[in-house]
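Peer 1: Just so it is clear, I am handing over work-v1.cif, which has mmCIF, C-alpha atoms.
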```cif
data_upload
loop_
_atom_site.label_atom_id
_atom_site.label_comp_id
_atom_site.auth_asym_id
_atom_site.auth_seq_id
_atom_site.Cartn_x
_atom_site.Cartn_y
_atom_site.Cartn_z
CA MET T 18 11.51 -1.33 -14.55
CA GLN T 19 8.51 -1.77 -12.29
CA LEU T 20 7.62 -0.27 -8.91
CA THR T 21 5.71 -2.90 -6.96
CA GLU T 22 5.95 -4.91 -3.76
CA GLU T 23 8.78 -6.91 -5.33
CA THR T 24 10.92 -3.78 -5.86
CA PHE T 25 9.98 -1.99 -2.61
CA GLU T 26 13.00 -3.45 -0.82
CA ARG T 27 15.34 -1.88 -3.34
CA LEU T 28 13.61 1.46 -2.90
CA ILE T 29 14.06 1.58 0.88
CA SER T 30 17.57 0.14 0.92
CA CYS T 31 19.08 3.33 -0.54
CA PRO T 32 20.78 5.19 2.35
CA PRO T 33 19.30 8.65 3.01
CA VAL T 34 21.51 11.69 2.48
CA PRO T 35 20.78 15.01 4.28
CA VAL T 36 19.83 17.96 2.09
CA ARG T 37 22.66 20.44 1.42
CA THR T 38 21.68 24.08 1.51
CA GLY T 39 21.60 25.52 -1.98
CA ALA T 40 22.07 22.16 -3.68
CA ASP T 41 20.63 21.68 -7.17
CA LEU T 42 18.65 18.53 -6.46
CA SER T 43 17.80 18.01 -10.12
CA LYS T 44 21.47 17.22 -10.80
CA ASP T 45 22.32 15.45 -7.53
CA VAL T 46 21.93 11.70 -8.07
CA SER T 47 22.30 11.02 -4.34
CA HIS T 48 18.91 12.66 -3.89
CA ALA T 49 17.25 11.22 -6.99
CA ILE T 50 14.73 8.43 -7.29
CA ASP T 51 14.95 7.73 -10.99
CA LEU T 52 11.66 6.45 -12.41
CA ARG T 53 12.30 7.49 -15.99
CA HIS T 54 12.41 3.93 -17.30
CA THR T 55 9.51 2.72 -15.20
CA ILE T 56 6.79 1.06 -17.27
CA PHE T 57 4.48 -0.10 -14.47
CA ILE T 58 3.57 1.12 -10.98
CA ASP T 59 0.91 -0.51 -8.84
CA PRO T 60 -0.84 0.87 -5.71
CA TYR T 61 1.80 -0.72 -3.45
CA GLY T 62 4.55 1.05 -5.37
CA MET T 63 2.82 4.41 -5.23
CA VAL T 64 1.78 4.26 -1.58
CA GLY T 65 5.21 2.89 -0.68
CA LEU T 66 6.91 5.76 -2.46
CA LEU T 67 4.81 8.28 -0.53
CA GLU T 68 5.62 6.59 2.77
CA VAL T 69 9.33 6.66 1.92
CA GLY T 70 8.99 10.38 1.21
CA GLU T 71 7.18 11.01 4.47
CA PHE T 72 9.78 9.01 6.40
CA LEU T 73 12.68 10.89 4.82
CA GLN T 74 10.93 14.21 5.46
CA SER T 75 10.83 13.34 9.16
CA LYS T 76 14.64 13.04 8.95
CA GLY T 77 15.04 16.40 7.22
CA ILE T 78 15.59 14.78 3.83
CA ARG T 79 13.88 15.75 0.58
CA LYS T 80 14.65 13.66 -2.49
CA THR T 81 14.03 14.33 -6.15
CA ILE T 82 11.81 12.10 -8.27
CA HIS T 83 12.52 11.89 -12.00
CA LEU T 84 9.11 10.98 -13.38
CA PRO T 85 8.52 8.10 -15.82
CA GLU T 86 8.90 8.88 -19.50
CA SER T 87 5.88 6.70 -20.23
CA GLU T 88 2.74 8.78 -20.75
CA GLU T 89 0.60 5.84 -19.71
CA VAL T 90 2.34 5.63 -16.33
CA ILE T 91 2.03 9.40 -15.84
CA LYS T 92 -1.66 9.08 -16.70
CA TYR T 93 -2.08 6.41 -14.03
CA LEU T 94 -0.19 8.40 -11.38
CA GLU T 95 -2.41 11.39 -12.06
CA ARG T 96 -5.58 9.28 -12.03
CA MET T 97 -4.62 7.83 -8.64
CA ASP T 98 -4.00 11.33 -7.14
CA PHE T 99 -0.34 10.49 -6.57
CA PHE T 100 0.84 14.03 -7.31
CA ARG T 101 -1.55 15.53 -4.77
CA TYR T 102 0.58 14.00 -2.00
CA ALA T 103 3.97 13.49 -3.66
CA GLU T 104 4.61 17.22 -3.87
CA ARG T 105 4.66 17.36 -0.06
CA TYR T 106 7.69 15.08 0.13
CA PHE T 107 9.61 15.29 -3.12
CA GLN T 108 10.96 17.69 -5.69
CA ILE T 109 9.36 16.42 -8.90
CA ILE T 110 11.05 16.65 -12.29
CA PRO T 111 9.73 17.76 -14.67
CA GLU T 112 7.97 20.34 -12.52
CA GLU T 113 5.25 21.06 -15.07
CA LEU T 114 3.19 18.22 -16.50
CA SER T 115 1.33 18.62 -19.78
CA LEU T 116 -1.42 16.01 -19.72
CA PRO T 117 -3.49 15.63 -22.91
CA ASP T 118 -7.27 15.83 -22.70
CA LYS T 119 -7.47 12.06 -23.16
CA TYR T 120 -6.14 11.72 -19.62
CA SER T 121 -9.24 13.27 -18.10
CA ARG T 122 -11.12 11.04 -15.70
CA ASN T 123 -14.18 9.11 -16.73
CA ALA T 124 -16.88 6.92 -15.24
CA PHE T 125 -15.33 3.76 -16.70
CA SER T 126 -12.11 3.91 -14.72
CA ASP T 127 -10.75 0.74 -13.12
CA VAL T 128 -9.80 2.64 -9.96
CA LEU T 129 -11.72 1.50 -6.89
CA LEU T 130 -10.03 4.07 -4.68
CA GLU T 131 -7.53 6.79 -5.41
CA ILE T 132 -4.67 7.18 -2.94
CA THR T 133 -6.43 8.32 0.21
CA PRO T 134 -5.02 9.28 3.63
CA VAL T 135 -6.31 7.47 6.72
CA GLU T 136 -6.11 9.48 9.93
CA LYS T 137 -9.46 9.16 11.69
CA SER T 138 -12.61 7.05 11.70
CA ASN T 139 -14.40 9.45 9.37
CA ASP T 140 -11.78 8.67 6.73
CA ILE T 141 -12.78 5.00 6.86
CA HIS T 142 -16.44 5.89 6.39
CA PHE T 143 -15.46 7.94 3.33
CA ILE T 144 -13.29 5.13 1.95
CA VAL T 145 -15.99 2.48 2.43
CA GLY T 146 -18.59 4.73 0.82
CA LYS T 147 -16.40 5.46 -2.18
CA VAL T 148 -15.53 1.78 -2.71
CA LYS T 149 -19.18 0.74 -2.37
CA GLU T 150 -20.07 3.18 -5.14
CA ARG T 151 -17.65 1.49 -7.50
CA ALA T 152 -17.83 -2.09 -6.22
CA ASN T 153 -20.73 -3.23 -8.38
CA THR T 154 -19.12 -1.87 -11.53
CA ILE T 155 -15.69 -3.32 -10.91
CA LEU T 156 -15.97 -6.25 -8.50
CA LYS T 157 -19.11 -7.72 -10.07
CA LYS T 158 -18.21 -7.05 -13.68
CA HIS T 159 -14.50 -7.90 -13.65
CA LEU T 160 -14.02 -10.25 -10.67
CA HIS T 161 -17.53 -11.78 -10.81
CA TYR T 162 -18.04 -11.27 -7.08
CA ASP T 163 -21.53 -11.73 -5.68
CA ASN T 164 -23.01 -9.52 -2.96
CA ARG T 165 -21.65 -11.75 -0.21
CA ALA T 166 -18.11 -11.52 -1.58
CA ILE T 167 -18.41 -7.74 -1.97
CA ASP T 168 -19.59 -7.42 1.63
CA GLY T 169 -16.58 -9.47 2.72
CA PHE T 170 -14.31 -7.25 0.65
CA ILE T 171 -15.69 -4.13 2.35
CA VAL T 172 -15.25 -5.66 5.81
CA ALA T 173 -11.65 -6.65 5.05
CA LEU T 174 -10.88 -3.17 3.74
CA SER T 175 -12.42 -1.55 6.82
CA GLU T 176 -10.37 -3.75 9.13
CA VAL T 177 -7.00 -3.02 7.54
CA CYS T 178 -7.77 0.72 7.56
CA GLN T 179 -8.97 0.57 11.18
CA ASN T 180 -5.68 -1.10 12.03
CA ILE T 181 -3.90 2.13 11.10
CA ILE T 182 -6.00 4.23 13.45
CA GLU T 183 -5.91 1.84 16.39
CA HIS T 184 -2.36 0.57 16.23
CA SER T 185 -0.11 2.79 14.18
CA GLU T 186 -0.47 6.05 16.11
CA ASN T 187 0.18 7.69 12.76
CA ARG T 188 -1.49 8.52 9.48
CA GLY T 189 -1.51 6.01 6.66
CA PHE T 190 -2.45 5.73 2.98
CA VAL T 191 -4.61 3.30 1.02
CA GLY T 192 -5.04 2.79 -2.73
CA ILE T 193 -6.99 0.19 -4.77
CA GLN T 194 -7.14 -0.66 -8.49
CA LYS T 195 -8.19 -3.41 -10.89
CA TYR T 196 -5.68 -4.82 -13.40
CA ARG T 197 -5.46 -7.47 -16.06
CA PHE T 198 -2.97 -9.98 -14.64
CA GLN T 199 -1.21 -11.47 -17.66
CA ASN T 200 0.30 -14.42 -15.78
CA LEU T 201 -3.19 -15.61 -14.83
CA GLU T 202 -5.02 -14.15 -17.80
CA LYS T 203 -7.50 -12.90 -15.24
CA ASN T 204 -8.56 -9.61 -13.73
CA VAL T 205 -7.19 -8.83 -10.29
CA VAL T 206 -7.73 -6.15 -7.67
CA LYS T 207 -4.74 -4.85 -5.72
CA ILE T 208 -5.11 -3.15 -2.33
CA ALA T 209 -2.19 -1.38 -0.66
CA VAL T 210 -2.45 -0.06 2.91
CA MET T 211 0.56 1.44 4.72
CA ASP T 212 1.49 3.56 7.71
CA LEU T 213 4.63 4.81 9.47
CA GLY T 214 3.43 3.98 12.96
CA THR T 215 4.76 1.83 15.75
CA GLY T 216 4.68 -1.46 13.85
CA PHE T 217 3.40 -4.82 15.05
CA ARG T 218 6.16 -5.63 17.53
CA ASN T 219 6.00 -2.30 19.36
CA SER T 220 2.21 -2.38 19.32
CA LEU T 221 2.10 -5.76 21.06
CA LYS T 222 5.07 -5.48 23.41
CA ALA T 223 3.05 -4.22 26.40
CA ARG T 224 1.04 -7.48 26.50
CA PHE T 225 3.06 -10.10 24.65
CA LYS T 226 6.63 -11.30 24.42
CA THR T 227 7.68 -11.48 20.79
CA LYS T 228 10.97 -12.90 19.56
CA ASP T 229 11.12 -10.70 16.48
CA ASP T 230 9.00 -8.89 13.90
CA ILE T 231 7.79 -12.06 12.19
CA ASP T 232 6.61 -13.47 15.51
CA ALA T 233 4.66 -10.27 16.21
CA ILE T 234 3.00 -10.29 12.79
CA GLY T 235 2.11 -13.95 13.22
CA LYS T 236 0.55 -13.38 16.64
CA ALA T 237 -1.69 -10.64 15.23
CA LEU T 238 -2.59 -12.29 11.92
CA LEU T 239 -2.83 -15.94 12.93
CA HIS T 240 -3.81 -15.76 16.61
CA GLY T 241 -5.74 -12.49 16.97
CA ALA T 242 -3.28 -10.86 19.39
CA SER T 243 -4.03 -7.23 20.22
CA ARG T 244 -2.52 -4.46 22.32
CA TYR T 245 -6.01 -3.95 23.80
CA THR T 246 -7.39 -6.01 26.68
CA GLU T 247 -11.11 -5.69 25.85
CA ILE T 248 -12.87 -8.89 24.87
CA GLY T 249 -13.41 -9.09 21.13
CA ARG T 250 -10.47 -6.91 20.19
CA GLY T 251 -7.69 -8.19 17.98
CA HIS T 252 -9.80 -10.18 15.52
CA GLY T 253 -9.69 -7.66 12.68
CA LEU T 254 -6.72 -9.14 10.84
CA ALA T 255 -8.00 -12.62 11.56
CA ALA T 256 -11.21 -11.66 9.71
CA VAL T 257 -9.11 -10.35 6.82
CA ARG T 258 -7.18 -13.64 6.75
CA ARG T 259 -10.43 -15.65 6.62
CA PHE T 260 -11.71 -13.54 3.73
CA ILE T 261 -8.44 -13.96 1.83
CA LYS T 262 -8.48 -17.73 2.33
CA ARG T 263 -12.15 -18.02 1.34
CA TRP T 264 -11.68 -16.14 -1.92
CA ASN T 265 -8.26 -17.62 -2.69
CA GLY T 266 -6.46 -14.28 -2.46
CA LEU T 267 -2.94 -13.24 -1.56
CA LEU T 268 -2.07 -11.29 1.59
CA SER T 269 1.31 -9.99 2.72
CA ILE T 270 2.12 -7.97 5.82
CA ARG T 271 5.49 -6.28 6.23
CA SER T 272 6.58 -4.65 9.47
CA GLY T 273 9.99 -3.73 10.80
CA LYS T 274 12.42 -6.17 9.20
CA ALA T 275 10.06 -8.99 8.26
CA ARG T 276 7.20 -10.00 5.97
CA LEU T 277 4.60 -12.74 6.50
CA SER T 278 2.48 -13.77 3.54
CA ILE T 279 -0.47 -16.01 2.73
CA ILE T 280 0.23 -17.19 -0.81
CA PRO T 281 -2.33 -19.18 -2.86
CA GLU T 282 -1.33 -21.80 -5.41
CA TRP T 283 -1.44 -19.23 -8.22
CA GLY T 284 0.74 -16.74 -6.36
CA ARG T 285 4.48 -16.42 -6.00
CA GLY T 286 6.88 -15.30 -3.31
CA LYS T 287 8.03 -16.45 0.13
CA GLU T 288 5.66 -17.01 3.00
CA VAL T 289 8.23 -15.87 5.60
CA GLU T 290 10.98 -13.28 5.06
CA HIS T 291 13.48 -12.19 7.72
CA ASN T 292 16.30 -9.65 7.87
CA LEU T 293 14.77 -7.13 5.48
CA THR T 294 15.77 -3.48 5.59
CA HIS T 295 14.10 -1.95 8.63
CA PHE T 296 11.18 0.31 7.79
CA PRO T 297 8.72 1.72 10.34
CA GLY T 298 5.02 0.95 10.58
CA ALA T 299 3.21 -1.68 8.55
CA GLN T 300 2.85 -2.33 4.84
CA ILE T 301 -0.08 -4.50 3.75
CA ASN T 302 -0.66 -5.87 0.26
CA ILE T 303 -3.83 -7.72 -0.81
CA LEU T 304 -4.35 -9.29 -4.23
CA LEU T 305 -7.73 -10.76 -5.25
CA HIS T 306 -8.38 -12.42 -8.59
CA GLU T 307 -11.31 -13.03 -10.88
CA MET T 308 -13.58 -15.90 -9.85
#
```
Could I get this file's structure written as structure tokens?
Peer 2:
Amino acid sequence: MQLTEETFERLISCPPVPVRTGADLSKDVSHAIDLRHTIFIDPYGMVGLLEVGEFLQSKGIRKTIHLPESEEVIKYLERMDFFRYAERYFQIIPEELSLPDKYSRNAFSDVLLEITPVEKSNDIHFIVGKVKERANTILKKHLHYDNRAIDGFIVALSEVCQNIIEHSENRGFVGIQKYRFQNLEKNVVKIAVMDLGTGFRNSLKARFKTKDDIDAIGKALLHGASRYTEIGRGHGLAAVRRFIKRWNGLLSIRSGKARLSIIPEWGRGKEVEHNLTHFPGAQINILLHEM
């Protein structure tokens, strides 16, 4: 079992069940998200799981997570600071984790950015600073990016984070890591950015008529549409799209009940997806591969 963008739909399609007073959640499968057989979780899976927890919490629902049995997956969750936020939304089983000393963090980690909340502009400055510290080690060494490509990466990251602050009216999360992508036999960097805000269609409705969620995403991503009237606004995602196209990356944006993706020749998936399970806000996935 894996927890990635491909399995996110299954995660959010489970109907929520209100918490019963005095219920033993550890034995109540209706409240359980069973990850025990999970062998791989990427940043999209982790950030998505936190957003599901935050959404359910807003409905008075608190689910149980049965953690993976794989020590390597637990190690990764800990390294990405998943537990720092997961405990706000879920009952976690087992409650006590015994992590061997080998799981301690080190300077050679492939993590560009641990799971980090985005609520205000200062958060973006922190995120950019942290990624810049690690960019030379990871992006140059493993993806063979030059300084121009790294600068473009930082700009794209800033834009998708700024999108949370300006459009979501809510807090979001971001997480970034490098992997070895076996299908390509290349190194890749995955970026996940999500929020539980108004979503693209609600954000644009004051200025634009949109037929549905996919139309709203397309107006923002492909045509630079923005809820703001100031000249120059609304080009952030367009800049992200140009960077993705230039460096032959993959970009997907999910909002409401739809997903619009830019898929390179090495990627897989559908460019347009309708009639997905409704989920608030926006969920952005970026995948960049070794040059």
Peer 1: Between T:Ile193, T:Lys80, T:Lys147, T:Ala103, which is the closest to T:Asn302 once you count all atoms listed in the file?
Peer 2: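 Using all atoms listed in the file, the shortest distance to T:Asn302 belongs to T:Ile193.
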Peer 1: Smallest atom-to-atom distance to T:Leu160: which of T:Gln194, T:Ser138, T:Thr133, T:Asn204, using only C-alpha atoms?
Peer 2: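 Between T:Gln194, T:Ser138, T:Thr133, T:Asn204, the residue approaching T:Leu160 most closely is T:Asn204.
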Peer 1: Quote the spacing between atom CA of T:Asp98 and atom CA of T:Ala209 in Å to one decimal place.
Peer 2: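 Straight-line distance from atom CA of T:Asp98 to atom CA of T:Ala209 works out to 14.4 Å.
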Peer 1: Rounded to one decimal in Å, what is the spacing between atom CA of T:Asn219 and atom CA of T:His291?
Peer 2: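 For atom CA of T:Asn219 relative to atom CA of T:His291, the distance reads 17.0 Å.
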Peer 1: To one decimal in Å, tell me the separation between atom CA of T:Ala256 and atom CA of T:Asp230.
Peer 2: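 We find that atom CA of T:Ala256 and atom CA of T:Asp230 lie 20.8 Å from each other.
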Peer 1: Which residues would end up in the selection if the PyMOL selection byres ((chain T and resi 162-171) around 10) were applied here, given that I need the answer as a PyMOL selection string?
Peer 2: chain T and resi 144-146+148-149+152-153+155-161+172-176+256-257+259-261+263-264+305-308
Peer 1: What's around stretch 50-57 of chain T at 8 Å? Count only C-alpha atoms, leave out sequence neighbours fewer than 4 positions away in its own chain, and write the answer as a list of chain:residue names.
Peer 2: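 The filter keeps T:Met18, T:Gln19, T:Leu20, T:Val46, T:Lys80, T:Thr81, T:Ile82, T:His83, T:Leu84, T:Pro85, T:Glu86, T:Ser87, T:Val90.
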Peer 1: Name the residues that the PyMOL selection byres ((chain T and resi 29) around 9) picks from the file above, as a VMD selection string, using the file's chain letters and numbers.
Peer 2: chain T and resid 25 to 28 30 to 32 66 69 294 to 296
Peer 1: Pick out the closest residue to T:Asn139 from this set: T:Ile109, T:Ile182, T:Ile280, T:Ala233. Count only C-alpha atoms.
Peer 2: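 Among T:Ile109, T:Ile182, T:Ile280, T:Ala233, it is T:Ile182 that comes nearest to T:Asn139.
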Peer 1: On this structure, the PyMOL selection byres ((chain T and resi 304) around 7) would catch which residues? List them as a list in words, sorted by chain and number.
Peer 2: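 Expected selection for the PyMOL selection byres ((chain T and resi 304) around 7) here is Val205, Val206, Lys207, Ile208, Gly266, Leu267, Leu268, Asn302, Ile303, Leu305 and His306 of chain T.
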Peer 1: Would you please work out which residue, of T:Lys92, T:Arg218, T:Lys236, T:Arg79, is nearest to T:Lys274 when using only C-alpha atoms?
Peer 2: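 Counting only C-alpha atoms, the residue closest to T:Lys274 is T:Arg218.
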Peer 1: Counting only C-alpha atoms, which of T:Val135, T:Leu239, T:Glu71, T:Ala49 gets nearest to T:Ile110?
Peer 2: T:Ala49
Peer 1: Using only C-alpha atoms, pick whichever of T:Gly77, T:Glu68, T:Ala255, T:His240 has the shortest atom-to-atom distance to T:Asn187.
Peer 2: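 Closest to T:Asn187 of all the choices is T:Glu68.
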Peer 1: What's the 12 Å shell around T:Ile181, counting only C-alpha atoms, without same-chain residues fewer than 4 positions away, as an mmCIF file with C-alpha atoms, in the frame of the given file?
Peer 2:
```cif
data_model
loop_
_atom_site.group_PDB
_atom_site.id
_atom_site.type_symbol
_atom_site.label_atom_id
_atom_site.label_comp_id
_atom_site.auth_asym_id
_atom_site.auth_seq_id
_atom_site.Cartn_x
_atom_site.Cartn_y
_atom_site.Cartn_z
ATOM 1 C CA PRO T 134 -5.020 9.280 3.630
ATOM 2 C CA VAL T 135 -6.310 7.470 6.720
ATOM 3 C CA GLU T 136 -6.110 9.480 9.930
ATOM 4 C CA LYS T 137 -9.460 9.160 11.690
ATOM 5 C CA SER T 138 -12.610 7.050 11.700
ATOM 6 C CA ASP T 140 -11.780 8.670 6.730
ATOM 7 C CA ILE T 141 -12.780 5.000 6.860
ATOM 8 C CA LEU T 174 -10.880 -3.170 3.740
ATOM 9 C CA SER T 175 -12.420 -1.550 6.820
ATOM 10 C CA GLU T 176 -10.370 -3.750 9.130
ATOM 11 C CA VAL T 177 -7.000 -3.020 7.540
ATOM 12 C CA SER T 185 -0.110 2.790 14.180
ATOM 13 C CA GLU T 186 -0.470 6.050 16.110
ATOM 14 C CA ASN T 187 0.180 7.690 12.760
ATOM 15 C CA ARG T 188 -1.490 8.520 9.480
ATOM 16 C CA GLY T 189 -1.510 6.010 6.660
ATOM 17 C CA PHE T 190 -2.450 5.730 2.980
ATOM 18 C CA VAL T 191 -4.610 3.300 1.020
ATOM 19 C CA VAL T 210 -2.450 -0.060 2.910
ATOM 20 C CA MET T 211 0.560 1.440 4.720
ATOM 21 C CA ASP T 212 1.490 3.560 7.710
ATOM 22 C CA LEU T 213 4.630 4.810 9.470
ATOM 23 C CA GLY T 214 3.430 3.980 12.960
ATOM 24 C CA THR T 215 4.760 1.830 15.750
ATOM 25 C CA GLY T 216 4.680 -1.460 13.850
ATOM 26 C CA PHE T 217 3.400 -4.820 15.050
ATOM 27 C CA SER T 220 2.210 -2.380 19.320
ATOM 28 C CA GLY T 253 -9.690 -7.660 12.680
ATOM 29 C CA LEU T 254 -6.720 -9.140 10.840
ATOM 30 C CA GLY T 298 5.020 0.950 10.580
ATOM 31 C CA ALA T 299 3.210 -1.680 8.550
ATOM 32 C CA GLN T 300 2.850 -2.330 4.840
ATOM 33 C CA ILE T 301 -0.080 -4.500 3.750
#
```
Peer 1: Do you know which residues lie at most 8 Å from (7.2, -11.2, 8.4), with coordinates as in the file and all atoms listed in the file counted, and could you write them as a list in words?
Peer 2: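 The residues that fall inside the cut-off are Asp230, Ile231, Asp232, Ile234, Gly235, Ile270, Arg271, Ser272, Lys274, Ala275, Arg276, Leu277, Ser278, Val289, Glu290 and His291 of chain T.
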